Structure formats: C-alpha cells, structure tokens
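Asker: Just passing along the structure, written as structure tokens.
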Amino acid sequence: MNETDWPDYLISRAIAQPPQDCFVVRGSTPVIAFGDPVHSLVATLGINPSSKEFLNRKGVLLEGDKRRLATLQSLETENRGSLDTEDGKAILNDCAEYFHNSPYQWFKPLNRVLSEGIGASYGSTACHLDLAQWATDPVWRDLDLTVRMKLLDDGVGFLVNQLEREQYRLVLVNGRTVMKEVESAGITSWKSVGSALSDPTTDLYVGDSGNQRFLGWSCNLQSQPGARRHIGALINFVKEFAGFSPLALTNNNGVKS
C-alpha cells in the first residue's frame, strides 16, 4: 500500500514510547502487525512478538537482509523521542512487508490452519496481531507478573481499538492465556463448542463481537509439547465455525476494499 495511506492511529502507535522497565528489546520498534493490518481480512492473535524477530542468537540486532522489522538503527536514530510521522510510516511498511521477506518459522502452523481452514494466508488476506506490541528479552513466560501486566496495560487498549477499526472478518486466538485476556478486555465472551481434544487437552471456543467472529483454542500450537498434532482438528474446527467459505475471501465479498 502507499505509505501515505496509513491511518493516523497506527502511525501514532508505531512511534510510541514503550512502557518503562519492561525489558523491551533495545533498539526495537512496536510490531503493529505481522503483515498488512489494514487490508487483511482475517487475523490471528498472540501474546507478544518474539525477541527473535529483532535479535540474532548472540542477542545482537538483526541487520541488512537478515532484518525483518524496523529498528532504531534502520531508522538511523538512537533516540525514540526523535521518531516522527515518516518514521512511523516506515515502521508500518516493514510490518506490512514482513511475510514477503524472511518470516520467522513460528507462523507456519498458524498459516496452515488459515490456508486449509478458510483459504487465507499471511502476506495476502491475513495478518497476526498481539496483545502487547513490544518484543521482550527475556521472553514472556520468564517475565515477572507485574511486568506482564504493565505490557498488557500498554498494549490491550490499542488492540481493542485496532480490532474495532479494522473489522477483521475472523480472528483466531491461539492459547488459553490470550483467550483469557481477550475476554477480560471485553473483546468477546467465549462459548465452549464440541468435545475437548486430548494429549494435550485442548478446548475449543467461539465468540462474536458485532460482525467479527472469534475462534479460540486453549493449547499453544508453537510452545506446548504435542500441540501440533491437533492442527488437523483445528483446521476442521475453523472450517465448521468460521461462518463463511474460502470463496468469500477469494471474492473479497465486500468485507474490505
């Protein structure tokens, strides 16, 4: 998309300051979305970006053709306070182009569910969002509860606004932790559907908010041992409860212009 088309609320978030003392990856920028947050028709939802999106195995910021997202270094500044509208557009452009560069392999299981479930895919009709938009080092599970709460307090309000403005046709919510925060934020209320999957035990849920359908599952496909064996069942779950056919996305069906 033309960079001048980015909504002001996304630009403002892209150049926002991170919450203090939350172990945000030094030199990173907020990930407004993995993929195009404006023209995507469906979204997946997680907790927060991985530090691996910004850092190599030695903990050094990715550079050159290995860089996936904008950094203060790529924006040629050392001071977050100096970021302006043009920097915000550059950050958003990198978010939109994420899946056309060298995406992290974390997204492969979710992309399979999207593709085989409703004919969507990252980089075209789907994007990924997070409750907290900042990557941290250490990772989420190793952060103190007070730090996690500060990151959620900083990020969930923006996410709620983003969901309301962009009106994704379907949002897939990956993992019980994310589902709990989604309901706590008043985004949707979950209703259990069908029988639980086993080994690991996984419950399936449906929620609605206006014209948006939310589908959630309690396992975490990427981090929970054995969870990926449920991919086939989750594909069938999405097919059954999405509320539309893959053809609706192919034709755009008036959902987004």
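Residues in the structure tokens are named by chain (A, B, ... in the order shown) and by number from 1 within that chain; ligands are numbered from 1 in the order shown.
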DSSP on the backbone: what in segment 94-244 of chain A comes out strand (DSSP E or B), as a PyMOL selection string?

Answerer: chain A and resi 122+126-130+136+170-174+191-192+197+202+204-209+212-217

Asker: Using C-alpha atoms, can you write the selected residues to a file as a JSON list (two decimals), in the first residue's frame?

Answerer:
```json
[["chain", "number", "residue", "atom", "x", "y", "z"],
["A", 122, "TYR", "CA", -0.28, -14.46, 5.80],
["A", 126, "ALA", "CA", -4.27, -12.47, 6.86],
["A", 127, "CYS", "CA", -2.11, -10.74, 9.46],
["A", 128, "HIS", "CA", -1.03, -11.53, 13.00],
["A", 129, "LEU", "CA", -1.67, -9.25, 15.99],
["A", 130, "ASP", "CA", -0.53, -9.32, 19.61],
["A", 136, "THR", "CA", 10.89, -8.52, 25.23],
["A", 170, "LEU", "CA", -12.40, -13.65, 11.62],
["A", 171, "VAL", "CA", -9.88, -13.64, 14.48],
["A", 172, "LEU", "CA", -8.15, -16.87, 15.53],
["A", 173, "VAL", "CA", -6.91, -16.82, 19.12],
["A", 174, "ASN", "CA", -4.00, -19.13, 19.89],
["A", 191, "LYS", "CA", -18.65, -20.22, 24.45],
["A", 192, "SER", "CA", -17.32, -23.78, 24.54],
["A", 197, "LEU", "CA", -9.07, -32.68, 22.19],
["A", 202, "THR", "CA", -7.42, -28.65, 24.25],
["A", 204, "LEU", "CA", -12.42, -25.17, 21.53],
["A", 205, "TYR", "CA", -14.37, -21.92, 21.80],
["A", 206, "VAL", "CA", -16.40, -19.49, 19.71],
["A", 207, "GLY", "CA", -17.06, -15.81, 20.38],
["A", 208, "ASP", "CA", -18.71, -12.97, 18.50],
["A", 209, "SER", "CA", -18.46, -9.20, 18.62],
["A", 212, "GLN", "CA", -16.49, -10.28, 13.97],
["A", 213, "ARG", "CA", -16.22, -13.98, 14.70],
["A", 214, "PHE", "CA", -13.57, -15.18, 17.18],
["A", 215, "LEU", "CA", -12.39, -18.79, 17.32],
["A", 216, "GLY", "CA", -10.06, -19.89, 20.11],
["A", 217, "TRP", "CA", -8.29, -22.99, 21.33]]
```

Asker: Need to verify the contact set: Ala96 of chain A, 9 Å, only C-alpha atoms, exclusion of same-chain residues closer than 6 positions in sequence. Can you return it as a PyMOL selection string?

Answerer: chain A and resi 1+33-38+123+127

Asker: Can you tell me which residues surround Arg13 of chain A at a distance of at most 8 Å, considering only C-alpha atoms, apart from same-chain residues fewer than 4 positions away, and format the answer as JSON, numbers by chain?

Answerer: {"A": [9, 30, 32, 158]}

Asker: Using DSSP assignments from the backbone, pull out every residue in segment 65-114 of chain A that falls under alpha helix (DSSP H) and give it to me as a PyMOL selection string.

Answerer: chain A and resi 85-96+108-114

Asker: Given the selection you just returned, output its residues as a file containing N, CA and C atoms, formatted as an mmCIF file, in the first residue's frame.

Answerer:
```
data_model
loop_
_atom_site.group_PDB
_atom_site.id
_atom_site.type_symbol
_atom_site.label_atom_id
_atom_site.label_comp_id
_atom_site.auth_asym_id
_atom_site.auth_seq_id
_atom_site.Cartn_x
_atom_site.Cartn_y
_atom_site.Cartn_z
ATOM 1 N N THR A 85 6.416 11.228 11.955
ATOM 2 C CA THR A 85 5.418 10.577 11.113
ATOM 3 C C THR A 85 6.048 9.727 10.022
ATOM 4 N N GLU A 86 7.097 10.218 9.406
ATOM 5 C CA GLU A 86 7.748 9.443 8.340
ATOM 6 C C GLU A 86 8.363 8.159 8.892
ATOM 7 N N ASP A 87 8.914 8.234 10.098
ATOM 8 C CA ASP A 87 9.432 7.018 10.736
ATOM 9 C C ASP A 87 8.292 6.046 11.018
ATOM 10 N N GLY A 88 7.162 6.579 11.474
ATOM 11 C CA GLY A 88 6.008 5.726 11.728
ATOM 12 C C GLY A 88 5.559 4.995 10.483
ATOM 13 N N LYS A 89 5.553 5.683 9.360
ATOM 14 C CA LYS A 89 5.186 5.050 8.092
ATOM 15 C C LYS A 89 6.183 3.960 7.719
ATOM 16 N N ALA A 90 7.472 4.223 7.952
ATOM 17 C CA ALA A 90 8.499 3.224 7.644
ATOM 18 C C ALA A 90 8.327 1.979 8.508
ATOM 19 N N ILE A 91 8.011 2.171 9.784
ATOM 20 C CA ILE A 91 7.769 1.042 10.686
ATOM 21 C C ILE A 91 6.588 0.212 10.181
ATOM 22 N N LEU A 92 5.520 0.878 9.801
ATOM 23 C CA LEU A 92 4.332 0.192 9.306
ATOM 24 C C LEU A 92 4.584 -0.501 7.969
ATOM 25 N N ASN A 93 5.371 0.123 7.115
ATOM 26 C CA ASN A 93 5.717 -0.512 5.840
ATOM 27 C C ASN A 93 6.458 -1.822 6.069
ATOM 28 N N ASP A 94 7.377 -1.833 7.032
ATOM 29 C CA ASP A 94 8.107 -3.067 7.336
ATOM 30 C C ASP A 94 7.183 -4.124 7.928
ATOM 31 N N CYS A 95 6.228 -3.693 8.759
ATOM 32 C CA CYS A 95 5.235 -4.646 9.282
ATOM 33 C C CYS A 95 4.453 -5.274 8.127
ATOM 34 N N ALA A 96 4.002 -4.445 7.204
ATOM 35 C CA ALA A 96 3.177 -4.924 6.092
ATOM 36 C C ALA A 96 3.933 -5.886 5.190
ATOM 37 N N LYS A 108 4.355 -20.856 10.799
ATOM 38 C CA LYS A 108 3.975 -21.922 9.870
ATOM 39 C C LYS A 108 2.746 -22.715 10.307
ATOM 40 N N PRO A 109 2.646 -23.150 11.572
ATOM 41 C CA PRO A 109 1.452 -23.914 11.962
ATOM 42 C C PRO A 109 0.158 -23.106 11.823
ATOM 43 N N LEU A 110 0.198 -21.834 12.218
ATOM 44 C CA LEU A 110 -0.989 -20.999 12.107
ATOM 45 C C LEU A 110 -1.348 -20.743 10.644
ATOM 46 N N ASN A 111 -0.337 -20.583 9.807
ATOM 47 C CA ASN A 111 -0.614 -20.347 8.396
ATOM 48 C C ASN A 111 -1.280 -21.561 7.759
ATOM 49 N N ARG A 112 -0.903 -22.753 8.217
ATOM 50 C CA ARG A 112 -1.545 -23.961 7.698
ATOM 51 C C ARG A 112 -3.019 -23.998 8.099
ATOM 52 N N VAL A 113 -3.310 -23.633 9.355
ATOM 53 C CA VAL A 113 -4.703 -23.595 9.801
ATOM 54 C C VAL A 113 -5.492 -22.585 8.965
ATOM 55 N N LEU A 114 -4.902 -21.414 8.721
ATOM 56 C CA LEU A 114 -5.559 -20.399 7.900
ATOM 57 C C LEU A 114 -5.798 -20.897 6.481
#
```

Asker: Which neighbours of segment 66-73 of chain A fall inside 9 Å, counting only C-alpha atoms, when residues of the same chain fewer than 2 positions from it are skipped, and could you give them as number ranges by chain?

Answerer: A: 26-31, 53-55, 61-64, 75-80, 83, 90-95, 97-99, 101-104

Asker: Would you mind exporting the chosen residues as an mmCIF file, in the first residue's frame, restricted to N, CA and C atoms?

Answerer:
```
data_model
loop_
_atom_site.group_PDB
_atom_site.id
_atom_site.type_symbol
_atom_site.label_atom_id
_atom_site.label_comp_id
_atom_site.auth_asym_id
_atom_site.auth_seq_id
_atom_site.Cartn_x
_atom_site.Cartn_y
_atom_site.Cartn_z
ATOM 1 N N ARG A 26 16.087 -3.750 23.228
ATOM 2 C CA ARG A 26 16.714 -2.457 22.976
ATOM 3 C C ARG A 26 16.867 -2.226 21.476
ATOM 4 N N GLY A 27 16.416 -1.079 21.013
ATOM 5 C CA GLY A 27 16.540 -0.737 19.597
ATOM 6 C C GLY A 27 15.411 -1.255 18.733
ATOM 7 N N SER A 28 14.446 -1.948 19.341
ATOM 8 C CA SER A 28 13.324 -2.489 18.569
ATOM 9 C C SER A 28 12.236 -1.433 18.409
ATOM 10 N N THR A 29 11.231 -1.755 17.598
ATOM 11 C CA THR A 29 10.059 -0.905 17.419
ATOM 12 C C THR A 29 8.808 -1.743 17.699
ATOM 13 N N PRO A 30 7.682 -1.108 18.004
ATOM 14 C CA PRO A 30 6.462 -1.888 18.257
ATOM 15 C C PRO A 30 5.997 -2.584 16.987
ATOM 16 N N VAL A 31 5.518 -3.811 17.134
ATOM 17 C CA VAL A 31 5.017 -4.549 15.979
ATOM 18 C C VAL A 31 3.502 -4.337 15.921
ATOM 19 N N GLU A 53 12.505 -11.911 16.529
ATOM 20 C CA GLU A 53 12.157 -11.066 15.390
ATOM 21 C C GLU A 53 13.155 -9.933 15.215
ATOM 22 N N PHE A 54 13.891 -9.622 16.284
ATOM 23 C CA PHE A 54 14.821 -8.499 16.252
ATOM 24 C C PHE A 54 16.273 -8.882 16.523
ATOM 25 N N LEU A 55 16.490 -9.994 17.242
ATOM 26 C CA LEU A 55 17.833 -10.331 17.702
ATOM 27 C C LEU A 55 18.318 -11.641 17.095
ATOM 28 N N LEU A 61 21.091 -6.992 17.401
ATOM 29 C CA LEU A 61 20.044 -6.621 16.461
ATOM 30 C C LEU A 61 20.342 -7.122 15.051
ATOM 31 N N LEU A 62 19.326 -7.679 14.407
ATOM 32 C CA LEU A 62 19.460 -8.132 13.024
ATOM 33 C C LEU A 62 19.677 -6.926 12.115
ATOM 34 N N GLU A 63 20.545 -7.109 11.108
ATOM 35 C CA GLU A 63 20.858 -6.024 10.184
ATOM 36 C C GLU A 63 20.762 -6.498 8.747
ATOM 37 N N GLY A 64 20.755 -5.538 7.836
ATOM 38 C CA GLY A 64 20.817 -5.848 6.412
ATOM 39 C C GLY A 64 19.675 -6.729 5.954
ATOM 40 N N LEU A 75 16.201 3.020 11.177
ATOM 41 C CA LEU A 75 15.601 4.352 11.057
ATOM 42 C C LEU A 75 16.632 5.463 11.249
ATOM 43 N N GLU A 76 17.869 5.046 11.498
ATOM 44 C CA GLU A 76 19.015 5.957 11.624
ATOM 45 C C GLU A 76 18.837 6.944 12.774
ATOM 46 N N THR A 77 18.450 6.394 13.931
ATOM 47 C CA THR A 77 18.359 7.215 15.124
ATOM 48 C C THR A 77 18.693 6.362 16.332
ATOM 49 N N GLU A 78 19.114 6.986 17.397
ATOM 50 C CA GLU A 78 19.345 6.300 18.661
ATOM 51 C C GLU A 78 18.327 6.730 19.708
ATOM 52 N N ASN A 79 17.472 7.644 19.325
ATOM 53 C CA ASN A 79 16.544 8.253 20.277
ATOM 54 C C ASN A 79 15.104 8.037 19.830
ATOM 55 N N ARG A 80 14.345 7.262 20.592
ATOM 56 C CA ARG A 80 12.947 7.027 20.258
ATOM 57 C C ARG A 80 12.153 8.334 20.213
ATOM 58 N N LEU A 83 11.507 10.082 16.809
ATOM 59 C CA LEU A 83 10.732 9.472 15.734
ATOM 60 C C LEU A 83 9.563 10.372 15.335
ATOM 61 N N ALA A 90 7.472 4.223 7.952
ATOM 62 C CA ALA A 90 8.499 3.224 7.644
ATOM 63 C C ALA A 90 8.327 1.979 8.508
ATOM 64 N N ILE A 91 8.011 2.171 9.784
ATOM 65 C CA ILE A 91 7.769 1.042 10.686
ATOM 66 C C ILE A 91 6.588 0.212 10.181
ATOM 67 N N LEU A 92 5.520 0.878 9.801
ATOM 68 C CA LEU A 92 4.332 0.192 9.306
ATOM 69 C C LEU A 92 4.584 -0.501 7.969
ATOM 70 N N ASN A 93 5.371 0.123 7.115
ATOM 71 C CA ASN A 93 5.717 -0.512 5.840
ATOM 72 C C ASN A 93 6.458 -1.822 6.069
ATOM 73 N N ASP A 94 7.377 -1.833 7.032
ATOM 74 C CA ASP A 94 8.107 -3.067 7.336
ATOM 75 C C ASP A 94 7.183 -4.124 7.928
ATOM 76 N N CYS A 95 6.228 -3.693 8.759
ATOM 77 C CA CYS A 95 5.235 -4.646 9.282
ATOM 78 C C CYS A 95 4.453 -5.274 8.127
ATOM 79 N N GLU A 97 5.236 -5.675 5.056
ATOM 80 C CA GLU A 97 6.045 -6.498 4.152
ATOM 81 C C GLU A 97 6.664 -7.711 4.831
ATOM 82 N N TYR A 98 6.364 -7.897 6.119
ATOM 83 C CA TYR A 98 7.031 -8.919 6.912
ATOM 84 C C TYR A 98 7.044 -10.286 6.237
ATOM 85 N N PHE A 99 5.930 -10.763 5.763
ATOM 86 C CA PHE A 99 5.846 -12.118 5.214
ATOM 87 C C PHE A 99 6.420 -12.237 3.810
ATOM 88 N N ASN A 101 9.495 -11.108 3.269
ATOM 89 C CA ASN A 101 10.945 -11.101 3.494
ATOM 90 C C ASN A 101 11.395 -12.451 4.051
ATOM 91 N N SER A 102 11.800 -12.497 5.300
ATOM 92 C CA SER A 102 12.258 -13.758 5.900
ATOM 93 C C SER A 102 11.498 -14.016 7.190
ATOM 94 N N PRO A 103 10.206 -14.377 7.104
ATOM 95 C CA PRO A 103 9.404 -14.547 8.316
ATOM 96 C C PRO A 103 9.923 -15.661 9.208
ATOM 97 N N TYR A 104 9.753 -15.464 10.480
ATOM 98 C CA TYR A 104 10.137 -16.442 11.497
ATOM 99 C C TYR A 104 9.248 -17.683 11.343
#
```

Asker: Quick one: pull the distance between atom CA of Ile11 of chain A and atom CA of Gly81 of chain A, Å, one decimal.

Answerer: 14.1 Å
